[in-house]
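Source file: coords03.cif; contents: mmCIF, C-alpha atoms.
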data_model
loop_
_atom_site.group_PDB
_atom_site.id
_atom_site.type_symbol
_atom_site.label_atom_id
_atom_site.label_comp_id
_atom_site.auth_asym_id
_atom_site.auth_seq_id
_atom_site.Cartn_x
_atom_site.Cartn_y
_atom_site.Cartn_z
ATOM 1 C CA PRO V 1 65.695 -58.117 -58.260
ATOM 2 C CA ILE V 2 67.795 -55.906 -56.091
ATOM 3 C CA MET V 3 66.033 -52.801 -57.434
ATOM 4 C CA VAL V 4 62.628 -54.414 -56.982
ATOM 5 C CA GLU V 5 63.460 -55.293 -53.384
ATOM 6 C CA ALA V 6 64.636 -51.743 -52.685
ATOM 7 C CA VAL V 7 61.464 -50.275 -54.150
ATOM 8 C CA THR V 8 59.388 -52.694 -52.108
ATOM 9 C CA ARG V 9 61.194 -51.754 -48.900
ATOM 10 C CA ARG V 10 60.669 -48.061 -49.602
ATOM 11 C CA THR V 11 56.994 -48.678 -50.315
ATOM 12 C CA ASN V 12 56.526 -50.682 -47.116
ATOM 13 C CA LYS V 13 58.330 -48.005 -45.152
ATOM 14 C CA LYS V 14 56.074 -45.299 -46.547
ATOM 15 C CA GLN V 15 52.997 -47.360 -45.739
ATOM 16 C CA ARG V 16 54.165 -47.929 -42.155
ATOM 17 C CA HIS V 17 54.891 -44.208 -41.778
ATOM 18 C CA ARG V 18 51.472 -43.382 -43.205
ATOM 19 C CA ARG V 19 49.779 -45.780 -40.777
ATOM 20 C CA LEU V 20 51.727 -44.334 -37.842
ATOM 21 C CA THR V 21 50.889 -40.788 -38.900
ATOM 22 C CA THR V 22 47.214 -41.625 -39.333
ATOM 23 C CA GLY V 23 47.120 -43.368 -35.971
ATOM 24 C CA THR V 24 48.778 -40.408 -34.252
ATOM 25 C CA GLU V 25 46.324 -37.984 -35.815
ATOM 26 C CA SER V 26 43.412 -40.161 -34.733
ATOM 27 C CA THR V 27 44.794 -40.306 -31.199
ATOM 28 C CA LEU V 28 45.196 -36.541 -31.134
ATOM 29 C CA VAL V 29 41.638 -36.044 -32.366
ATOM 30 C CA MET V 30 40.323 -38.426 -29.703
ATOM 31 C CA ASP V 31 42.334 -36.648 -27.019
ATOM 32 C CA VAL V 32 40.924 -33.288 -28.134
ATOM 33 C CA ASP V 33 37.362 -34.653 -28.106
ATOM 34 C CA VAL V 34 37.813 -36.107 -24.607
ATOM 35 C CA SER V 35 39.300 -32.850 -23.370
ATOM 36 C CA LYS V 36 36.382 -30.846 -24.782
ATOM 37 C CA LYS V 37 33.892 -33.222 -23.200
ATOM 38 C CA GLN V 38 35.591 -33.009 -19.807
ATOM 39 C CA SER V 39 35.727 -29.217 -20.032
ATOM 40 C CA SER V 40 32.009 -29.057 -20.863
ATOM 41 C CA GLU V 41 31.166 -31.366 -17.950
ATOM 42 C CA ASN V 42 33.290 -29.263 -15.592
ATOM 43 C CA GLN V 43 31.519 -26.101 -16.712
ATOM 44 C CA GLN V 44 28.123 -27.729 -16.170
ATOM 45 C CA ARG V 45 29.129 -28.844 -12.662
ATOM 46 C CA GLN V 46 30.362 -25.340 -11.838
ATOM 47 C CA ARG V 47 27.111 -23.769 -13.070
ATOM 48 C CA GLU V 48 25.079 -26.265 -11.026
ATOM 49 C CA GLN V 49 27.155 -25.522 -7.913
ATOM 50 C CA GLN V 50 26.678 -21.778 -8.412
ATOM 51 C CA ARG V 51 22.925 -22.245 -8.874
ATOM 52 C CA ARG V 52 22.660 -24.282 -5.668
ATOM 53 C CA HIS V 53 24.773 -21.753 -3.771
ATOM 54 C CA LEU V 54 22.552 -18.884 -4.877
ATOM 55 C CA ALA V 55 19.401 -20.841 -3.969
ATOM 56 C CA ASN V 56 20.761 -21.644 -0.506
ATOM 57 C CA THR V 57 21.799 -18.022 0.006
ATOM 58 C CA GLU V 58 18.320 -16.717 -0.889
ATOM 59 C CA LEU V 59 16.684 -19.305 1.375
ATOM 60 C CA THR V 60 18.941 -18.343 4.265
ATOM 61 C CA GLU V 61 18.224 -14.647 3.778
ATOM 62 C CA ASN V 62 14.454 -15.210 3.687
ATOM 63 C CA ILE V 63 14.364 -17.283 6.890
ATOM 64 C CA GLU V 64 14.448 -15.215 10.063
ATOM 65 C CA SER V 65 15.739 -16.762 13.235
ATOM 66 C CA PRO V 66 13.559 -16.524 16.387
ATOM 67 C CA SER V 67 15.937 -13.903 17.766
ATOM 68 C CA GLN V 68 15.533 -11.796 14.600
ATOM 69 C CA GLU V 69 11.745 -12.077 14.805
ATOM 70 C CA ARG V 70 11.792 -10.994 18.446
ATOM 71 C CA SER V 71 14.068 -8.105 17.516
ATOM 72 C CA ASN V 72 11.678 -6.961 14.742
ATOM 73 C CA VAL V 73 8.721 -7.065 17.124
ATOM 74 C CA ALA V 74 10.727 -5.225 19.757
ATOM 75 C CA ASN V 75 11.585 -2.477 17.256
ATOM 76 C CA VAL V 76 7.886 -2.006 16.518
ATOM 77 C CA ALA V 77 7.153 -2.024 20.241
ATOM 78 C CA HIS V 78 9.528 0.868 20.841
ATOM 79 C CA GLN V 79 7.596 2.906 18.251
ATOM 80 C CA ILE V 80 4.189 2.327 19.873
ATOM 81 C CA SER V 81 2.984 4.458 22.744
ATOM 82 C CA GLY V 82 -0.029 4.336 25.024
ATOM 83 C CA TYR V 83 -0.169 0.586 25.562
ATOM 84 C CA ARG V 84 -1.371 -0.643 28.945
ATOM 85 C CA SER V 85 -1.037 -4.326 29.755
ATOM 86 C CA ASP V 86 -4.162 -4.146 31.949
ATOM 87 C CA TYR V 87 -6.383 -3.217 28.950
ATOM 88 C CA SER V 88 -7.402 -5.085 25.818
ATOM 89 C CA LEU V 89 -8.876 -3.556 22.677
ATOM 90 C CA GLY V 90 -12.454 -2.488 23.349
ATOM 91 C CA ASP V 91 -12.154 -2.405 27.144
ATOM 92 C CA THR V 92 -14.024 0.452 28.788
ATOM 93 C CA LEU V 93 -12.053 3.088 30.713
ATOM 94 C CA ARG V 94 -12.068 2.062 34.371
ATOM 95 C CA SER V 95 -10.444 5.055 36.010
ATOM 96 C CA ALA V 96 -9.986 8.729 35.215
ATOM 97 C CA SER V 97 -6.346 8.332 36.250
ATOM 98 C CA HIS V 98 -5.765 6.116 33.217
ATOM 99 C CA VAL V 99 -6.172 9.041 30.781
ATOM 100 C CA ILE V 100 -4.421 12.359 30.370
ATOM 101 C CA THR V 101 -6.781 15.336 30.571
ATOM 102 C CA GLU V 102 -5.485 18.541 29.045
ATOM 103 C CA PRO V 103 -6.548 21.868 30.598
ATOM 104 C CA THR V 104 -7.741 23.465 27.348
ATOM 105 C CA PRO V 105 -9.270 22.212 24.077
ATOM 106 C CA GLU V 106 -6.342 23.643 22.141
ATOM 107 C CA GLN V 107 -3.833 21.681 24.212
ATOM 108 C CA ALA V 108 -6.009 18.577 23.920
ATOM 109 C CA ILE V 109 -6.015 18.824 20.106
ATOM 110 C CA GLN V 110 -2.250 19.335 20.097
ATOM 111 C CA ALA V 111 -1.770 16.276 22.281
ATOM 112 C CA VAL V 112 -4.068 14.118 20.148
ATOM 113 C CA ASP V 113 -2.324 15.302 16.985
ATOM 114 C CA SER V 114 0.906 13.749 18.301
ATOM 115 C CA LEU V 115 -0.560 10.241 17.950
ATOM 116 C CA LYS V 116 1.112 8.042 15.363
ATOM 117 C CA THR V 117 -0.139 4.965 13.549
ATOM 118 C CA HIS V 118 -0.421 2.003 15.972
ATOM 119 C CA ASP V 119 -0.496 4.278 19.039
ATOM 120 C CA PHE V 120 -3.164 3.531 21.653
ATOM 121 C CA ALA V 121 -5.763 5.933 23.044
ATOM 122 C CA PHE V 122 -9.161 5.966 24.693
ATOM 123 C CA VAL V 123 -11.922 6.872 22.234
ATOM 124 C CA LYS V 124 -15.407 8.022 23.172
ATOM 125 C CA ARG V 125 -18.136 5.712 21.870
ATOM 126 C CA SER V 126 -21.720 6.566 20.958
ATOM 127 C CA ASN V 127 -22.820 5.402 24.437
ATOM 128 C CA GLY V 128 -20.649 8.086 26.029
ATOM 129 C CA LEU V 129 -18.018 5.659 27.377
ATOM 130 C CA HIS V 130 -14.358 5.635 26.367
ATOM 131 C CA SER V 131 -12.875 2.423 24.949
ATOM 132 C CA PHE V 132 -9.270 1.345 24.607
ATOM 133 C CA ALA V 133 -8.438 1.634 20.889
ATOM 134 C CA ILE V 134 -5.547 1.737 18.452
ATOM 135 C CA LEU V 135 -4.997 4.306 15.724
ATOM 136 C CA ALA V 136 -5.122 2.454 12.396
ATOM 137 C CA TYR V 137 -4.656 5.386 9.997
ATOM 138 C CA ARG V 138 -5.521 8.991 9.258
ATOM 139 C CA SER V 139 -7.691 10.124 6.366
ATOM 140 C CA MET V 140 -9.179 13.195 4.724
ATOM 141 C CA GLU V 141 -12.987 13.249 4.602
ATOM 142 C CA PRO V 142 -15.560 15.843 3.427
ATOM 143 C CA THR V 143 -16.660 18.106 6.241
ATOM 144 C CA LYS V 144 -20.287 17.872 5.023
ATOM 145 C CA ARG V 145 -21.396 14.785 3.164
ATOM 146 C CA ALA V 146 -24.466 16.440 1.622
ATOM 147 C CA ASP V 147 -22.363 19.152 -0.022
ATOM 148 C CA GLU V 148 -20.406 17.910 -3.042
ATOM 149 C CA ASP V 149 -18.147 20.979 -2.881
ATOM 150 C CA ALA V 150 -17.462 20.636 0.832
ATOM 151 C CA ALA V 151 -13.919 21.103 2.104
ATOM 152 C CA MET V 152 -11.912 18.131 3.264
ATOM 153 C CA GLY V 153 -11.115 17.641 6.936
ATOM 154 C CA GLU V 154 -8.592 15.437 8.707
ATOM 155 C CA CYS V 155 -9.883 12.390 10.559
ATOM 156 C CA MET V 156 -8.453 9.659 12.748
ATOM 157 C CA ASN V 157 -9.622 6.083 12.236
ATOM 158 C CA PHE V 158 -9.361 3.742 15.214
ATOM 159 C CA VAL V 159 -9.794 -0.002 15.625
ATOM 160 C CA ILE V 160 -12.007 -0.247 18.702
ATOM 161 C CA ASP V 161 -12.344 -3.992 19.343
ATOM 162 C CA ASP V 162 -10.927 -7.398 18.495
ATOM 163 C CA SER V 163 -13.484 -7.959 15.748
ATOM 164 C CA GLY V 164 -11.963 -5.138 13.697
ATOM 165 C CA SER V 165 -14.732 -2.524 14.066
ATOM 166 C CA THR V 166 -13.553 1.005 13.356
ATOM 167 C CA LYS V 167 -14.518 4.472 14.499
ATOM 168 C CA MET V 168 -13.729 7.674 12.660
ATOM 169 C CA VAL V 169 -13.234 10.874 14.648
ATOM 170 C CA ARG V 170 -13.108 14.212 12.865
ATOM 171 C CA ARG V 171 -10.552 16.809 13.926
ATOM 172 C CA SER V 172 -13.281 19.083 15.283
ATOM 173 C CA HIS V 173 -14.075 16.382 17.892
ATOM 174 C CA TRP V 174 -10.565 15.331 18.861
ATOM 175 C CA SER V 175 -10.542 17.359 22.066
ATOM 176 C CA ARG V 176 -13.815 15.799 23.296
ATOM 177 C CA SER V 177 -13.649 12.287 21.942
ATOM 178 C CA ILE V 178 -9.998 11.195 22.240
ATOM 179 C CA ARG V 179 -7.945 10.896 25.404
ATOM 180 C CA LEU V 180 -4.281 9.993 25.527
ATOM 181 C CA VAL V 181 -3.344 7.071 27.760
ATOM 182 C CA SER V 182 -1.771 7.679 31.159
ATOM 183 C CA MET V 183 0.728 5.160 32.525
ATOM 184 C CA GLU V 184 -0.199 5.879 36.121
ATOM 185 C CA GLY V 185 -0.486 2.726 38.190
ATOM 186 C CA LEU V 186 1.765 0.637 35.943
ATOM 187 C CA GLY V 187 4.932 1.152 37.937
ATOM 188 C CA GLY V 188 7.912 1.617 35.634
ATOM 189 C CA CYS V 189 6.466 -0.445 32.787
ATOM 190 C CA HIS V 190 5.750 2.068 30.056
ATOM 191 C CA GLY V 191 6.738 -0.041 27.079
ATOM 192 C CA VAL V 192 4.568 -2.282 25.003
ATOM 193 C CA ASN V 193 5.155 -6.016 25.182
ATOM 194 C CA ASP V 194 5.619 -8.321 22.179
ATOM 195 C CA THR V 195 1.968 -9.391 22.166
ATOM 196 C CA ALA V 196 0.731 -5.815 21.995
ATOM 197 C CA ALA V 197 3.088 -5.029 19.139
ATOM 198 C CA THR V 198 1.808 -8.044 17.225
ATOM 199 C CA VAL V 199 -1.808 -7.024 17.862
ATOM 200 C CA ALA V 200 -1.058 -3.527 16.609
ATOM 201 C CA MET V 201 0.404 -4.821 13.351
ATOM 202 C CA ASP V 202 -2.431 -7.322 12.834
ATOM 203 C CA HIS V 203 -5.159 -4.720 13.289
ATOM 204 C CA SER V 204 -3.458 -2.104 11.137
ATOM 205 C CA THR V 205 -3.353 -4.494 8.173
ATOM 206 C CA SER V 206 -7.127 -4.967 8.395
ATOM 207 C CA LYS V 207 -7.946 -1.309 7.812
ATOM 208 C CA THR V 208 -8.800 -1.720 4.143
ATOM 209 C CA CYS V 209 -11.476 -4.327 4.860
ATOM 210 C CA THR V 210 -12.991 -2.689 7.933
ATOM 211 C CA SER V 211 -12.858 1.031 7.223
ATOM 212 C CA HIS V 212 -15.895 0.895 4.925
ATOM 213 C CA THR V 213 -18.034 -1.492 6.972
ATOM 214 C CA SER V 214 -18.439 0.227 10.307
ATOM 215 C CA PHE V 215 -19.164 3.884 9.472
ATOM 216 C CA ASP V 216 -22.525 3.668 11.214
ATOM 217 C CA GLN V 217 -20.479 3.827 14.414
ATOM 218 C CA HIS V 218 -18.548 6.949 13.433
ATOM 219 C CA ILE V 219 -19.125 10.375 14.879
ATOM 220 C CA LYS V 220 -21.517 12.353 12.634
ATOM 221 C CA GLU V 221 -21.689 15.916 13.808
#

Rewrite the coordinates I just gave you, this time as structure tokens.
Amino acid sequence: PIMVEAVTRRTNKKQRHRRLTTGTESTLVMDVDVSKKQSSENQQRQREQQRRHLANTELTENIESPSQERSNVANVAHQISGYRSDYSLGDTLRSASHVITEPTPEQAIQAVDSLKTHDFAFVKRSNGLHSFAILAYRSMEPTKRADEDAAMGECMNFVIDDSGSTKMVRRSHWSRSIRLVSMEGLGGCHGVNDTAATVAMDHSTSKTCTSHTSFDQHIKE
């Protein structure tokens, strides 16, 4: 009986140890699983935070404050010359003092050639009067339309009214048909205001849809 009791005690002890070991292993496995789950959730939260941060950053960069918008318009304004606040697009020249008249055709062509995109000038219309206009773009056109092998000549394309009508002036007519704007009578105000800068940008973007619709008004000589 003593031996049987000893064997029984040893057996019970082994069983208790086995249960404790199995329980510990199960606890460790559960702890590992919980840790992995928490780590995965943390990673997901971090990725979501990064995604939101990037989205907010892009949104902030794409939104311009009113001061930035005014600054952009002002920068364009400094690059535009010839604007007079007392004229609107299409207005007829009211005084000879409002244009610059060069003494020779050569000097007139040189002066006109200095015009840049969005600069203002007075352009001679088919009725003989000069209208306040804005240079939309330059282009190369055949010197003679009837001749397929004709050479190409430089032209200036102006927006001549608020409706977007255009007028093309060939280089050979620059000295007679284009006059640079004089600032006489405007005091010290030679710069273009914000409204004029906006008008210049709006009309320049319409060149592709107006340049082919108003050629009946162009100079054809």

At a cut-off of 7 Å, using only C-alpha atoms, what residues contact stretch 106-120 of chain V? Leave out same-chain residues fewer than 6 positions from it and give the result as a PyMOL selection string. chain V and resi 80-83+133-137+174-175+178+180+200

File dump, residues just selected, C-alpha atoms, as a JSON list (two decimals), keeping the file's coordinate frame:
[["chain", "number", "residue", "atom", "x", "y", "z"],
["V", 80, "ILE", "CA", 4.19, 2.33, 19.87],
["V", 81, "SER", "CA", 2.98, 4.46, 22.74],
["V", 82, "GLY", "CA", -0.03, 4.34, 25.02],
["V", 83, "TYR", "CA", -0.17, 0.59, 25.56],
["V", 133, "ALA", "CA", -8.44, 1.63, 20.89],
["V", 134, "ILE", "CA", -5.55, 1.74, 18.45],
["V", 135, "LEU", "CA", -5.00, 4.31, 15.72],
["V", 136, "ALA", "CA", -5.12, 2.45, 12.40],
["V", 137, "TYR", "CA", -4.66, 5.39, 10.00],
["V", 174, "TRP", "CA", -10.56, 15.33, 18.86],
["V", 175, "SER", "CA", -10.54, 17.36, 22.07],
["V", 178, "ILE", "CA", -10.00, 11.20, 22.24],
["V", 180, "LEU", "CA", -4.28, 9.99, 25.53],
["V", 200, "ALA", "CA", -1.06, -3.53, 16.61]]

Interatomic distance between atom CA of V:Arg94 and atom CA of V:Val159? 19.0 Å

Expressed in Å, the length from atom CA of V:Ser131 to atom CA of V:His98 is 11.5 Å

Would you please work out which residue, of V:Ser126, V:Ser182, V:Gln49, V:Asn12, is nearest to V:Thr101 when using all atoms listed in the file?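 That would be V:Ser182, the residue with the smallest distance to V:Thr101.
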
Give the padded box for stretch 113-129 of chain V as AutoDock Vina command-line options: axis-aligned, covering all atoms listed in the file, 4 Å on each side, centre and edge lengths in Å to one decimal.
--center_x -10.9 --center_y 8.7 --center_z 20.5 --size_x 31.9 --size_y 21.3 --size_z 21.8

Between atom CA of V:Ser172 and atom CA of V:Pro142 - distance in Å to one decimal: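 Between these atoms lies a distance of 12.5 Å.
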
What would the selection look like, as a VMD selection string, if the PyMOL selection byres ((chain V and resi 89) around 12) were run on the coordinates I just shared? chain V and resid 83 to 88 90 to 93 120 to 123 130 to 135 158 to 166 196 199 to 200 203

As a check of understanding, name the residues that the PyMOL selection byres ((chain V and resi 154) around 8) selects in the supplied structure, as a PDB file with C-alpha atoms, keeping the file's coordinate frame.
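See result_27.pdb below for the written result:
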ATOM      1  CA  ARG V 138      -5.521   8.991   9.258  1.00  0.00           C
ATOM      2  CA  SER V 139      -7.691  10.124   6.366  1.00  0.00           C
ATOM      3  CA  MET V 140      -9.179  13.195   4.724  1.00  0.00           C
ATOM      4  CA  GLU V 141     -12.987  13.249   4.602  1.00  0.00           C
ATOM      5  CA  MET V 152     -11.912  18.131   3.264  1.00  0.00           C
ATOM      6  CA  GLY V 153     -11.115  17.641   6.936  1.00  0.00           C
ATOM      7  CA  CYS V 155      -9.883  12.390  10.559  1.00  0.00           C
ATOM      8  CA  MET V 156      -8.453   9.659  12.748  1.00  0.00           C
ATOM      9  CA  ARG V 170     -13.108  14.212  12.865  1.00  0.00           C
ATOM     10  CA  ARG V 171     -10.552  16.809  13.926  1.00  0.00           C
TER      11      ARG V 171
END
